[in-house]
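Pasted below: structure.cif, mmCIF, C-alpha atoms.
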```
data_coords
#
loop_
_atom_site.label_atom_id
_atom_site.label_comp_id
_atom_site.auth_asym_id
_atom_site.auth_seq_id
_atom_site.Cartn_x
_atom_site.Cartn_y
_atom_site.Cartn_z
CA GLU A 7 18.35 -17.00 4.37
CA ALA A 8 16.08 -14.28 5.76
CA GLN A 9 12.81 -14.40 3.92
CA VAL A 10 9.06 -14.00 3.84
CA THR A 11 7.25 -16.84 2.14
CA GLN A 12 3.72 -16.88 0.79
CA ASN A 13 1.59 -19.74 -0.44
CA PRO A 14 0.13 -20.25 -2.87
CA ARG A 15 1.84 -18.01 -5.40
CA TYR A 16 -1.04 -18.26 -7.83
CA LEU A 17 -4.66 -19.15 -7.16
CA ILE A 18 -7.79 -19.17 -9.28
CA THR A 19 -10.99 -19.74 -7.36
CA VAL A 20 -14.71 -19.15 -7.56
CA THR A 21 -16.90 -16.68 -5.77
CA GLY A 22 -17.81 -17.73 -2.25
CA LYS A 23 -15.26 -20.50 -1.78
CA LYS A 24 -13.29 -19.80 1.39
CA LEU A 25 -9.54 -19.60 0.99
CA THR A 26 -6.45 -18.88 3.04
CA VAL A 27 -3.19 -17.39 1.86
CA THR A 28 -0.38 -18.27 4.21
CA CYS A 29 2.52 -16.01 5.13
CA SER A 30 5.55 -16.99 7.15
CA GLN A 31 8.75 -15.18 8.12
CA ASN A 32 11.93 -16.58 9.62
CA MET A 33 13.39 -13.36 11.04
CA ASN A 34 11.52 -13.25 14.36
CA HIS A 35 9.91 -9.96 13.35
CA GLU A 36 7.17 -8.49 15.50
CA TYR A 37 5.43 -6.55 12.75
CA MET A 38 3.61 -8.21 9.87
CA SER A 39 1.31 -6.74 7.23
CA TRP A 40 -0.83 -7.67 4.26
CA TYR A 41 -1.13 -5.44 1.22
CA ARG A 42 -2.99 -5.72 -2.04
CA GLN A 43 -1.83 -4.18 -5.26
CA ASP A 44 -4.13 -3.21 -8.10
CA PRO A 45 -3.32 -1.35 -11.33
CA GLY A 46 -3.47 2.39 -10.82
CA LEU A 47 -4.10 2.09 -7.09
CA GLY A 48 -0.67 1.24 -5.79
CA LEU A 49 -0.11 -0.82 -2.66
CA ARG A 50 -2.92 -0.65 -0.12
CA GLN A 51 -2.72 -2.10 3.35
CA ILE A 52 -5.34 -4.65 4.34
CA TYR A 53 -4.40 -5.64 7.90
CA TYR A 54 -1.35 -5.43 10.07
CA SER A 55 -0.13 -7.01 13.27
CA MET A 56 2.32 -5.55 15.74
CA ASN A 57 2.76 -8.76 17.69
CA VAL A 58 1.16 -12.10 18.51
CA GLU A 59 -2.58 -11.75 19.08
CA VAL A 60 -2.46 -8.05 18.14
CA THR A 61 -4.02 -7.18 14.78
CA ASP A 62 -5.56 -4.06 13.33
CA LYS A 63 -7.30 -2.93 10.20
CA GLY A 64 -5.50 -1.15 7.42
CA ASP A 65 -7.07 0.91 4.68
CA VAL A 66 -9.02 -1.84 2.89
CA PRO A 67 -9.96 -4.56 5.40
CA GLU A 68 -13.47 -5.35 4.15
CA GLY A 69 -13.87 -8.97 3.11
CA TYR A 70 -10.67 -10.14 4.81
CA LYS A 71 -9.71 -11.70 8.12
CA VAL A 72 -6.34 -12.34 9.67
CA SER A 73 -4.97 -14.08 12.71
CA ARG A 74 -1.62 -13.98 14.50
CA LYS A 75 -1.36 -16.97 16.78
CA GLU A 76 2.36 -17.41 16.28
CA LYS A 77 5.03 -14.81 15.67
CA ARG A 78 6.19 -16.28 12.40
CA ASN A 79 2.79 -16.76 10.70
CA PHE A 80 0.18 -14.28 9.55
CA PRO A 81 -2.45 -15.93 7.32
CA LEU A 82 -4.91 -13.93 5.25
CA ILE A 83 -8.39 -15.42 5.14
CA LEU A 84 -11.07 -14.68 2.58
CA GLU A 85 -14.27 -16.19 3.98
CA SER A 86 -16.37 -15.55 0.88
CA PRO A 87 -14.19 -14.26 -1.95
CA SER A 88 -15.70 -11.99 -4.57
CA PRO A 89 -14.39 -10.91 -7.98
CA ASN A 90 -13.38 -7.49 -6.61
CA GLN A 91 -10.80 -9.28 -4.48
CA THR A 92 -8.94 -10.34 -7.59
CA SER A 93 -5.56 -8.79 -6.96
CA LEU A 94 -1.87 -9.27 -6.23
CA TYR A 95 -1.28 -9.76 -2.52
CA PHE A 96 1.92 -9.13 -0.60
CA CYS A 97 2.83 -10.09 2.92
CA ALA A 98 5.57 -8.17 4.72
CA SER A 99 7.40 -8.22 8.02
CA ARG A 100 9.81 -6.02 9.93
CA PRO A 101 11.14 -5.38 13.43
CA PRO A 102 9.83 -2.44 15.48
CA GLY A 103 11.23 0.96 14.73
CA PRO A 104 12.34 2.50 11.45
CA ARG A 105 13.78 -0.72 10.14
CA GLU A 106 13.79 -2.45 6.80
CA GLN A 107 10.54 -4.14 5.84
CA TYR A 108 10.79 -7.41 3.96
CA PHE A 109 8.19 -8.44 1.43
CA GLY A 110 7.12 -11.83 0.23
CA PRO A 111 7.06 -12.73 -3.47
CA GLY A 112 3.35 -12.08 -3.85
CA THR A 113 0.22 -14.16 -4.40
CA ARG A 114 -1.79 -13.55 -7.53
CA LEU A 115 -5.44 -14.30 -6.78
CA THR A 116 -8.19 -14.50 -9.36
CA VAL A 117 -11.80 -14.86 -8.22
CA THR A 118 -14.28 -15.76 -10.96
CA ASP B 20 -3.61 8.59 2.48
CA ALA B 21 0.01 8.20 1.47
CA LYS B 22 0.94 11.62 2.88
CA THR B 23 3.65 12.12 0.27
CA THR B 24 3.60 13.47 -3.27
CA GLN B 25 5.73 12.06 -6.05
CA PRO B 26 5.74 12.49 -9.82
CA ASN B 27 3.94 9.67 -11.58
CA SER B 28 6.86 8.88 -13.84
CA MET B 29 10.41 9.86 -14.69
CA GLU B 30 12.90 8.87 -17.30
CA SER B 31 16.67 8.63 -17.16
CA ASN B 32 19.50 7.64 -19.43
CA GLU B 33 21.62 4.72 -18.43
CA GLU B 34 24.75 5.56 -16.42
CA GLU B 35 23.49 9.03 -15.55
CA PRO B 36 22.45 10.17 -12.07
CA VAL B 37 18.76 10.17 -11.22
CA HIS B 38 17.10 12.46 -8.70
CA LEU B 39 13.69 11.27 -7.56
CA PRO B 40 11.78 13.96 -5.65
CA CYS B 41 9.26 13.55 -2.87
CA ASN B 42 7.18 16.15 -1.07
CA HIS B 43 6.02 15.55 2.48
CA SER B 44 5.01 19.02 3.58
CA THR B 45 2.98 17.81 6.59
CA ILE B 46 5.77 15.73 8.05
CA SER B 47 5.98 15.65 11.83
CA GLY B 48 9.10 15.71 13.94
CA THR B 49 9.03 11.97 14.61
CA ASP B 50 8.38 10.89 11.03
CA TYR B 51 11.07 9.04 9.17
CA ILE B 52 11.35 9.11 5.39
CA HIS B 53 11.55 5.68 3.81
CA TRP B 54 12.17 4.72 0.22
CA TYR B 55 11.27 1.40 -1.30
CA ARG B 56 11.30 0.23 -4.87
CA GLN B 57 9.44 -2.45 -6.75
CA LEU B 58 11.05 -4.13 -9.70
CA PRO B 59 8.76 -5.67 -12.33
CA SER B 60 7.04 -8.82 -11.11
CA GLN B 61 8.58 -8.61 -7.64
CA GLY B 62 7.62 -7.46 -4.18
CA PRO B 63 8.85 -4.08 -2.96
CA GLU B 64 12.35 -3.90 -1.54
CA TYR B 65 13.92 -1.49 0.89
CA VAL B 66 16.20 1.20 -0.49
CA ILE B 67 17.02 3.68 2.26
CA HIS B 68 15.57 5.68 5.11
CA GLY B 69 16.45 8.77 7.14
CA LEU B 70 15.22 11.24 9.69
CA THR B 71 17.07 14.54 9.36
CA SER B 72 20.53 14.02 7.98
CA ASN B 73 21.44 12.90 4.50
CA VAL B 74 22.04 9.18 4.26
CA ASN B 75 24.12 7.02 1.95
CA ASN B 76 24.18 3.30 1.38
CA ARG B 77 25.32 0.98 -1.34
CA MET B 78 22.12 1.44 -3.31
CA ALA B 79 21.43 5.15 -3.14
CA SER B 80 21.67 8.44 -1.29
CA LEU B 81 18.88 10.26 0.46
CA ALA B 82 18.99 14.03 0.61
CA ILE B 83 16.57 15.57 3.10
CA ALA B 84 15.70 19.24 2.94
CA GLU B 85 16.56 21.31 5.96
CA ASP B 86 12.87 21.93 6.74
CA ARG B 87 12.20 18.21 6.09
CA LYS B 88 9.26 19.01 3.84
CA SER B 89 10.85 17.32 0.88
CA SER B 90 13.51 14.78 0.09
CA THR B 91 15.32 13.40 -2.93
CA LEU B 92 16.43 9.88 -3.63
CA ILE B 93 19.61 9.89 -5.66
CA LEU B 94 20.73 6.97 -7.78
CA HIS B 95 24.28 7.87 -8.72
CA ARG B 96 24.49 5.90 -11.96
CA ALA B 97 21.25 4.49 -13.26
CA THR B 98 21.34 1.03 -14.75
CA LEU B 99 18.64 -0.84 -16.62
CA ARG B 100 18.10 -2.86 -13.47
CA ASP B 101 17.05 0.31 -11.65
CA ALA B 102 13.89 0.59 -13.75
CA ALA B 103 11.18 0.22 -11.11
CA VAL B 104 8.46 1.99 -9.18
CA TYR B 105 9.96 4.01 -6.34
CA TYR B 106 7.89 4.69 -3.25
CA CYS B 107 8.52 7.51 -0.80
CA ILE B 108 6.85 6.92 2.56
CA ARG B 109 6.81 8.96 5.70
CA GLY B 110 5.85 7.82 9.15
CA PRO B 111 7.00 7.23 12.70
CA GLY B 112 9.10 4.17 13.20
CA ASN B 113 6.46 2.15 14.99
CA THR B 114 3.47 2.36 12.68
CA PRO B 115 2.69 0.48 9.49
CA LEU B 116 4.17 1.77 6.26
CA VAL B 117 1.52 3.36 4.05
CA PHE B 118 2.47 3.23 0.38
CA GLY B 119 1.26 5.61 -2.29
CA LYS B 120 1.44 5.11 -6.04
CA GLY B 121 5.11 5.93 -6.34
CA THR B 122 7.19 7.13 -9.28
CA ARG B 123 7.72 4.82 -12.22
CA LEU B 124 11.34 5.21 -13.33
CA SER B 125 12.26 4.24 -16.86
CA VAL B 126 15.93 3.85 -17.78
CA ILE B 127 16.92 4.23 -21.38
CA ALA B 128 19.96 2.42 -22.73
#
```
structure tokens encoding of this file:
Amino acid sequence: EAQVTQNPRYLITVTGKKLTVTCSQNMNHEYMSWYRQDPGLGLRQIYYSMNVEVTDKGDVPEGYKVSRKEKRNFPLILESPSPNQTSLYFCASRPPGPREQYFGPGTRLTVT
Amino acid sequence: DAKTTQPNSMESNEEEPVHLPCNHSTISGTDYIHWYRQLPSQGPEYVIHGLTSNVNNRMASLAIAEDRKSSTLILHRATLRDAAVYYCIRGPGNTPLVFGKGTRLSVIA
């Protein structure tokens, strides 16, 4: 089954404790993205990658890092999480061109 | 900058057609129009996309104005399961999709 998986689905952590949210897709897609969703603000893009070793900032990259060492994986790293990074995070992937983008189920992160 | 304008919310009766409008007055010639929807507690899912011509698929129809400055997503018979936030996005095929706040569709039984 074609899918984007994210782990963990839920995470409660404390300020400053480094964490990684993993994202993996099994469709051999070149493009991958991370979004965060907050009430009233819609979906905002954090980082995206157009292929292995190619990443770029989205609209809200501050406080986040990503890496794309393999085509299928695109982890989101929070080196020193802060409460304003409490949010619902979605990973997505798609092939190049105007093609369907697939989203993961989301990771709900709470930073206290 | 989502580059599209949609109403914040709309309401429809079950089993009636729904027309969800989207304005993209600054659209360029290479921009596609994409529609996604997000059901409660789920990630967004693809609905339809088009460039110039009207498009139909099993989920919906997309009507694109002749000047391409606006489009309408048409759900032919709304069901309760269609209650969601609908996002209209414009962009070239090879750039990331930038989502706005979308239109929250409520379906009344």
Legend entry - Coordinates-based distance that separates atom CA of Tyr41 of chain A from atom CA of Lys77 of chain A (Å, one decimal):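 Taking atom CA of Lys77 of chain A as the start and atom CA of Tyr41 of chain A as the end point, the length is 18.3 Å.
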Val117 of chain A surroundings by all atoms listed in the file, 8 Å radius, close-in-sequence under 3 positions cut, as a tab-separated table (two decimals) with C-alpha atoms, in the coordinates of the input:
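The resulting around-v7.tsv:
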```tsv
chain	number	residue	atom	x	y	z
A	18	ILE	CA	-7.79	-19.17	-9.28
A	19	THR	CA	-10.99	-19.74	-7.36
A	20	VAL	CA	-14.71	-19.15	-7.56
A	21	THR	CA	-16.90	-16.68	-5.77
A	87	PRO	CA	-14.19	-14.26	-1.95
A	88	SER	CA	-15.70	-11.99	-4.57
A	89	PRO	CA	-14.39	-10.91	-7.98
A	90	ASN	CA	-13.38	-7.49	-6.61
A	91	GLN	CA	-10.80	-9.28	-4.48
A	92	THR	CA	-8.94	-10.34	-7.59
```
Legend entry - Nearest to chain A, chosen from B:Arg56, B:His38, B:Arg87, B:His43, with all atoms listed in the file counted in the distances: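 Closest to chain A, using all atoms listed in the file: B:Arg56.
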Inset, instruction - To verify the selection step, state as a list of chain:residue names which residues the PyMOL selection byres ((chain A) within 7 of (chain B)) yields on this input. - result: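 Residues picked by the PyMOL selection byres ((chain A) within 7 of (chain B)): A:Leu47, A:Gly48, A:Leu49, A:Arg50, A:Gln51, A:Phe96, A:Pro102, A:Gly103, A:Pro104, A:Glu106, A:Gln107, A:Tyr108, A:Phe109, A:Gly110, A:Pro111, A:Gly112.
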Inset, instruction - Could you pull out every residue with an atom within 6 Å of (-0.8, -11.8, -8.9), file coordinates, counting all atoms listed in the file, and send them as a PyMOL selection string? - result: chain A and resi 93-94+113-115
Inset, instruction - Excluding Asn79 of chain A and residues on its chain fewer than 5 positions from it, collect all residues at most 10 Å away from it, counting all atoms listed in the file, and give them as a list in words. - result: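 Within the cut-off, the hits are Val10, Thr11, Gln12, Thr28, Cys29, Ser30, Gln31, Asn32, Met38, Val58, Ser73 and Arg74 of chain A.
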Please enclose the listed atoms of segment 64-67 of chain A in an axis-aligned box, pad each side by 6 Å, and write out the centre and the three edge lengths in Å, rounded to one decimal, as lines of an AutoDock Vina configuration file.
```
center_x = -7.7
center_y = -1.8
center_z = 5.2
size_x = 16.5
size_y = 17.5
size_z = 16.5
```
Who sits within 8 Å of Glu35 of chain B, all atoms listed in the file, same chain under 4 positions skipped, as an mmCIF file with C-alpha atoms, in the coordinates of the input:
```cif
data_model
loop_
_atom_site.group_PDB
_atom_site.id
_atom_site.type_symbol
_atom_site.label_atom_id
_atom_site.label_comp_id
_atom_site.auth_asym_id
_atom_site.auth_seq_id
_atom_site.Cartn_x
_atom_site.Cartn_y
_atom_site.Cartn_z
ATOM 1 C CA SER B 31 16.670 8.630 -17.160
ATOM 2 C CA HIS B 95 24.280 7.870 -8.720
ATOM 3 C CA ARG B 96 24.490 5.900 -11.960
ATOM 4 C CA ALA B 97 21.250 4.490 -13.260
#
```
Taking (22.3, 10.5, -16.0) in the coordinates of the supplied file, I want to know which residues reach to within 12 Å of it, counting only C-alpha atoms; could you give the answer as a compact mmCIF listing (two decimals) with C-alpha atoms, in the coordinates of the input?
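Final output, point.txt:
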```
# COMPACT_ATOMS: atom_id res chain seq x y z
CA MET B 29 10.41 9.86 -14.69
CA GLU B 30 12.90 8.87 -17.30
CA SER B 31 16.67 8.63 -17.16
CA ASN B 32 19.50 7.64 -19.43
CA GLU B 33 21.62 4.72 -18.43
CA GLU B 34 24.75 5.56 -16.42
CA GLU B 35 23.49 9.03 -15.55
CA PRO B 36 22.45 10.17 -12.07
CA VAL B 37 18.76 10.17 -11.22
CA HIS B 38 17.10 12.46 -8.70
CA ILE B 93 19.61 9.89 -5.66
CA LEU B 94 20.73 6.97 -7.78
CA HIS B 95 24.28 7.87 -8.72
CA ARG B 96 24.49 5.90 -11.96
CA ALA B 97 21.25 4.49 -13.26
CA THR B 98 21.34 1.03 -14.75
CA LEU B 99 18.64 -0.84 -16.62
CA SER B 125 12.26 4.24 -16.86
CA VAL B 126 15.93 3.85 -17.78
CA ILE B 127 16.92 4.23 -21.38
CA ALA B 128 19.96 2.42 -22.73
```
Legend entry - atom CA of Tyr53 of chain A to atom CA of Thr118 of chain A, straight-line distance in Å: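 Atom-to-atom, atom CA of Thr118 of chain A and atom CA of Tyr53 of chain A are spaced 23.6 Å apart.
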Legend entry - Counting all atoms listed in the file, the residue of B:Thr49, B:Ser72, B:Gln25, B:Thr122 that sits nearest Ala84 of chain B: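 Closest to Ala84 of chain B, using all atoms listed in the file: B:Ser72.
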Could you state which residues are captured by the PyMOL selection byres ((chain A and resi 64) around 6) in this file, as an mmCIF file with C-alpha atoms, keeping the file's coordinate frame?
```cif
data_model
loop_
_atom_site.group_PDB
_atom_site.id
_atom_site.type_symbol
_atom_site.label_atom_id
_atom_site.label_comp_id
_atom_site.auth_asym_id
_atom_site.auth_seq_id
_atom_site.Cartn_x
_atom_site.Cartn_y
_atom_site.Cartn_z
ATOM 1 C CA GLN A 51 -2.720 -2.100 3.350
ATOM 2 C CA ILE A 52 -5.340 -4.650 4.340
ATOM 3 C CA TYR A 53 -4.400 -5.640 7.900
ATOM 4 C CA LYS A 63 -7.300 -2.930 10.200
ATOM 5 C CA ASP A 65 -7.070 0.910 4.680
ATOM 6 C CA VAL A 66 -9.020 -1.840 2.890
ATOM 7 C CA PRO A 67 -9.960 -4.560 5.400
#
```
Inset, instruction - In Å, rounded to a single decimal, give me how far atom CA of Ser39 of chain A is from atom CA of Ala98 of chain A. - result: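 Atom CA of Ala98 of chain A sits 5.1 Å away from atom CA of Ser39 of chain A.
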Legend entry - Residue with smallest distance to Gln57 of chain B - pool B:Leu124, B:Ala79, B:Ile108, B:Ala103, counting only C-alpha atoms: B:Ala103
Inset, instruction - For the structure provided, state which residues fall under the PyMOL selection byres ((chain A and resi 101) around 6), and present them as a ChimeraX atom specification. - result: /A:35-37,100,102
Legend entry - For Lys75 of chain A, the nearest of the candidates A:Asn57, A:Thr26, A:Asn34, A:Thr116, counting all atoms listed in the file: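 Looking only at the distances to Lys75 of chain A, the closest residue turns out to be A:Asn57.
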Inset, instruction - Might you pull out every residue within 8 Å of Glu85 of chain A, with only C-alpha atoms counted and same-chain residues fewer than 5 positions away left off, and present them as a PyMOL selection string? - result: chain A and resi 22-25+69-71
